[in-house]
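Chemist: Let me begin by handing over the structure; questions about it come next.
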Number of protein chains: 2
Amino acid sequence: MTAWYASGAVSNDKAAAKPQTAIVPTRADNYPEWYLEVIKAADLAENSEVKGCMVIKPWGYALWENIQRVLDGMFKATGHVNAYFPLFIPLRYLEKEAAHVEGFAKECAVVTHHRLEARDGKLVPVSELEEPLVVRPTSETIIGESFAKWVKSYRDLPLLINQWANVVRWEMRTRLFLRTAEFLWQEGHTAHATRDEAIEETMKMLGVYAEFAEQHMAMPVIQGEKTAGERFPGAVSTYCIEAMMQDRRALQAGTSHFLGQNFAKASGIQFQNEKSELVHAWTTSWGVSTRLVGGLIMTHADDDGMVCPPRLAPQHVVIMPITKKPEDRQRVLDWCSALAKDLAAQTYAGAPVRVHIDAKDTGGGKNWGWIKKGVPIRLEVGPRDIDQDSVSMGRRDKTPKDKASVPRGEFVAKVTTILQEIQDALFQRALAFRSANTRTIDSADEFRAYFTAPKTNSPNDPDSGTASPGGPTPIHGGFAMTHFDGDPALEAKIKDELGVTVRCIPLAPGEPGTCPFTGKPSAKRVVWAKAY
Amino acid sequence: MTAWYASGAVSNDKAAAKPQTAIVPTRADNYPEWYLEVIKAADLAENSEVKGCMVIKPWGYALWENIQRVLDGMFKATGHVNAYFPLFIPLRYLEKEAAHVEGFAKECAVVTHHRLEARDGKLVPVSELEEPLVVRPTSETIIGESFAKWVKSYRDLPLLINQWANVVRWEMRTRLFLRTAEFLWQEGHTAHATRDEAIEETMKMLGVYAEFAEQHMAMPVIQGEKTAGERFPGAVSTYCIEAMMQDRRALQAGTSHFLGQNFAKASGIQFQNEKSELVHAWTTSWGVSTRLVGGLIMTHADDDGMVCPPRLAPQHVVIMPITKKPEDRQRVLDWCSALAKDLAAQTYAGAPVRVHIDAKDTGGGKNWGWIKKGVPIRLEVGPRDIDQDSVSMGRRDKTPKDKASVPRGEFVAKVTTILQEIQDALFQRALAFRSANTRTIDSADEFRAYFTAPKTNSPNDPDSGTASPGGPTPIHGGFAMTHFDGDPALEAKIKDELGVTVRCIPLAPGEPGTCPFTGKPSAKRVVWAKAY
């Protein structure tokens with residue numbers, strides 16, 4: 001386990017001096033602050049002056065673009081097409097689905113005027129709207145209006161639509177990427193002729209999300225169903241993928257909802273079936289958001305900064321020409337250009353290897369800059385390397401000082417293998433961390449102790465279970481797998497008491513047993529955790 | 001000229017019966033209605049119940065996605081990176097740049113509340129914001145706030161940022177794609193150390209737009225500068241690409257603005273130059289929007305529906321299996337699948353040929369459906385074609401009845417050549433139409449006559465100059481190239497009188513001359529037209 005954090009993190013040996021790290025505070029010292037410092041160091045995003053709205057900076061947006069590109073391909077491969085629906089939703093649409101209103105309509109941006117006038121040098125809103133409009137917090141209701149028009153016959157089904165869009169939920173306590181008032185996402189919306197087909201779609205897209213998370217984000221996830229208390233407002237059932245972050249909290253990384261006929265009835269999505277009967281359609285919706293970038297950070301970044309999984313990295317390889325003498329400069333730059341060209345001719349995950357030459361200046365901080373940004377492979381190239389026809393390679397999954405001199409030809413031939421090695425190493429580390437921090441529990445006392453006894457606050461000691469004196473951020477628990485009788489009141493009580501919720505009822509097969517809190521029967525174990 | 005409209009359009013021979021067309025009314029009968037009917041027939045978009053906001057349907061959105069993909073590649077190739085800035089702009093930001101407020105702040109969606117409450121079953125806005133927020137009509141002011149933070153030294157420049165986003169301008173008279181309250185666009189925003197570099201950027205991006213319009217949209221454009229009256233609010237100078245639609249009106253298809261130091265001063269974008277002096281940066285902005293889809297329609301669509309230029313077509317080739325006897329079905333489908341695979345292995349414009357097999361049903365309307373959607377190449381494949389190892393090919397740049405039997409192998413080998421032939425043919429037609437409808441004018445009387453004397457309203461007779469009796473949509477003029485002394489009052493007078501404006505002062509070299517309206521000197525001819 002310790003290998004994961006070995007580079008520059010707090011040593012297990014309490015007597016050893018702390019090595020220098022690029023990120024202060026470290027994960028162990030103050031995890032929430034560390035998260036924000038990684039974002040700053042890697043130049044991913046920043047808060048704007050507009051309450052709750054973030055600015056996604058180029059390096060962070062490039063991660064999102066790669067997420068979009070891969071997911072969009074997966075959606076299209078499963079038969080979906082993209083479309084675009086209005087940003088604004090009339091209040092009367094929201095009023096149609098009672099549970100949905102209850103869950104969503106509370107904290108929304110409301111447009112009430114459509115004109116500004118200057119009075120005494122200040123702009124004031126004028127021209128009040130007859131009906132206020134809500135900036136979409138999600139689009140079931142407005143897309144439902146279109147679906148109702150588009151669907152007449154069973155021949156029009158299924159409708160398999162996805163939208164890439166911004167949405168707004170007025171959040172009071174925001175956190176870059178994880179919880180912001182405006183965020184970017186995709187929302188899939190589908191309508192089907194039968195219940196079975198809609199359920200099949202719901203599960204298929206959950207599977208797409210799980211595959212994306214594990215294969216591309218290198219983030220292991222548990223697929224499961226939400227309990228009633230965590231269900232999407234208006235859904236019959238909500239499925240999710242849940243990942244463990246490095247502070248052992250759970251991150252809900254994507255959801256897929258079987259909406260039954262609830263929204264079809266609210267919006268009037270009806271069709272003539274093969275027997276010429278007019279019946280309601282069955283709908284689904286599913287989404288992931290820029291929150292995934294937060295998931296990437298909290299799964300892979302370390303005390304030296306961001307770590308980008310190669311599948312989603314904005315650049316795969318950064319080449320840094322080292323030219324101390326001006327007379328060497330052109331020769332080194334030319335050599336680097338030729339190398340970049342050869343690398344870009346290689347194919348990784350179906351696309352050319354992404355290479356960047358950082359020739360901007362020759363400051364010593366350049367190497368650390370790319371470590372902090374989390375580029376998978378760094379190459380330093382100076383006159384001596386050229387004379388030996390080799391490159392000095394640093395891998396982001398190894399320590400910053402771990403540099404290897406590799407013959408140029410060998411590096412070019414192996415670059416895609418190395419990228420996939422890094423991708424796999426990141427996934428295996430994350431999986432091992434989750435395994436080490438998942439406990440099967442069969443008594444209420446042990447459950448309580450698991451989530452209250454302070455462990456060492458160093459992620460180096462994932463399951464030491466002992467308090468670390470003087471540590472400012474006590475970290476408790478992880479994932480607890482217990483039987484559960486399914487009583488919502490019990491779940492609410494545990495949430496109040498321990499801040500722990502059922503993250504999901506895993507889809508994977510499980511044995512029946514006894515609820516440790518009530519002694520009642522339980523169909524299978526569920527996953528409990530503190531959550532983002 | 002007439003070849004362009006020969007397929008199914010009104011014949012030049014007044015005595016001939018009108019051939020049937022898929023779109024009613026035709027361009028000649030009612031151009032504005034024809035436009036909306038093409039959108040409906042090709043299933044591109046529709047109005048929503050939300051005032052001024054459209055729903056972009058999958059086929060229309062796929063055109064936009066292709067526009068995005070190509071432009072995004074061109075932006076990145078010229079050194080730009082994408083980022084994302086907040087949807088909401090505080091009023092105080094807008095107040096900073098006086099000319100900008102004047103031009104933009106008037107018709108905006110204003111968010112004043114952030115919560116809804118149910119009262120007597122109705123939702124009402126509560127929780128008023130301390131400062132109202134405007135939904136961005138454009139992002140110079142909010143991006144300027146970030147730039148001011150990001151730029152400290154000349155080493156931080158240039159900043160070359162692009163954003164793909166939705167924007168809202170409260171329009172009263174909307175028209176699908178051309179003018180909607182919410183629309184999708186990209187907005188480039190750059191900051192530079194010197195005036196010259198900012199001007200170079202402004203012109204470079206204008207060139208990117210022109211290249212995109214001509215090479216990918218197959219839409220000829222004139223690059224030029226706007227007069228003061230048509231300038232972007234707050235800009236020092238605005239450059240544009242202007243295209244001629246089939247009703248001879250001009251469409252402004254993209255703009256690139258040199259903002260001088262106006263927005264840098266308003267937002268405080270300052271940096272230390274190489275002499276350690278604190279100076280303001282020079283900025284630019286440039287954008288194109290979903291309006292381009294309207295431009296595609298009005299440049300290429302005909303009386304049978306949409307015509308997609310191959311470079312942007314959602315599908316290049318649609319294969320329609322024809323199986324009248326059930327026992328033939330599997331054999332035909334298998335043959336079509338193998339053909340689709342071979343076609344998809346071909347490369348057109350740097351990407352695989354996009355092929356769709358339409359096996360959904362075998363109704364006779366299928367061929368017309370794809371004509372209306374404007375797919376470049378339609379293939380019908382029945383048992384007899386298979387026996388002859390050939391396909392029955394229809395090209396969208398030819399008449400619907402013009403079908404050719406082509407040996408399978410020959411078609412696969414030539415498909416990319418045919419696609420480029422269609423692309424080139426569309427461009428040449430549009431160019432010929434513009435040439436035929438552009439007149440060099442040297443007298444005020446001729447100018448007035450050009451824009452008032454009703455011509456035939458049939459695009460078949462682009463420059464007949466005679467009235468067509470009983471035609472419901474008189475069409476006047478086209479592009480008039482005249483000298484102009486540059487007086488804004490004269491320009492305003494002509495606009496009032498004739499509804500004609502200076503579309504641009506072309507960048508192309510021109511000779512000096514005399515303004516036909518005032519007799520004063522003129523540096524070069526300008527382009528006048530009625531405009532969208």
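Identifiers for the structure tokens are assigned positionally: chains receive A, B, ... in sequence, residues are indexed from 1 per chain, and ligands are indexed from 1 in the order shown.
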Which neighbours of range 503-513 of chain A fall inside 10 Å, counting only C-alpha atoms, when residues of the same chain fewer than 3 positions from it are skipped, and could you give them as a VMD selection string?
Modeler: chain A and resid 222 to 227 230 238 to 243 250 to 252 442 479 to 486 500 516 519 to 531
Chemist: Might you pull out every residue within 6 Å of range 297-305 of chain B, with only C-alpha atoms counted and same-chain residues fewer than 6 positions away left off, and present them as an NGL selection string?
Modeler: :B and (9 or 21-23 or 26 or 38 or 245-246 or 372)
Chemist: As a ChimeraX atom specification, could you give me every residue of chain B near chain A (at most 7 Å apart, counting only C-alpha atoms)?
Modeler: /B:50,53-58,61,81-86,90-91,105-117,123,125,170
Chemist: Using only C-alpha atoms, pick whichever of B:Asp487, B:Met244, B:Lys76, B:Tyr450 has the shortest atom-to-atom distance to Val221 in chain B.
Modeler: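 Of all the options, B:Met244 lies closest to Val221 in chain B.
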Chemist: Range 402-411 of chain A: which residues within 12 Å, counting only C-alpha atoms, same-chain residues fewer than 3 positions away excluded, as number ranges by chain?
Modeler: A: 6-8, 317, 335-336, 338-340, 342-343, 346, 367, 377-382, 384-399, 414-419
Chemist: Work out how far CA of Met205 in chain A is from CA of Arg231 in chain A, in Å to one decimal.
Modeler: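 A separation of 16.8 Å between them.
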Chemist: Measuring atom to atom with only C-alpha atoms, identify which of B:Pro488, B:Pro400, B:Pro137, B:Gly207 is nearest to Ala228 in chain B.
Modeler: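 Under the stated criterion, the closest residue is B:Pro488.
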Chemist: Could you pull out the strand (DSSP E) residues of range 249-399 of chain B from DSSP and send them as a ChimeraX atom specification?
Modeler: /B:250-258,270-272,278-280,282-289,317-321,347-348,351-352,355-357,377-381,390-395
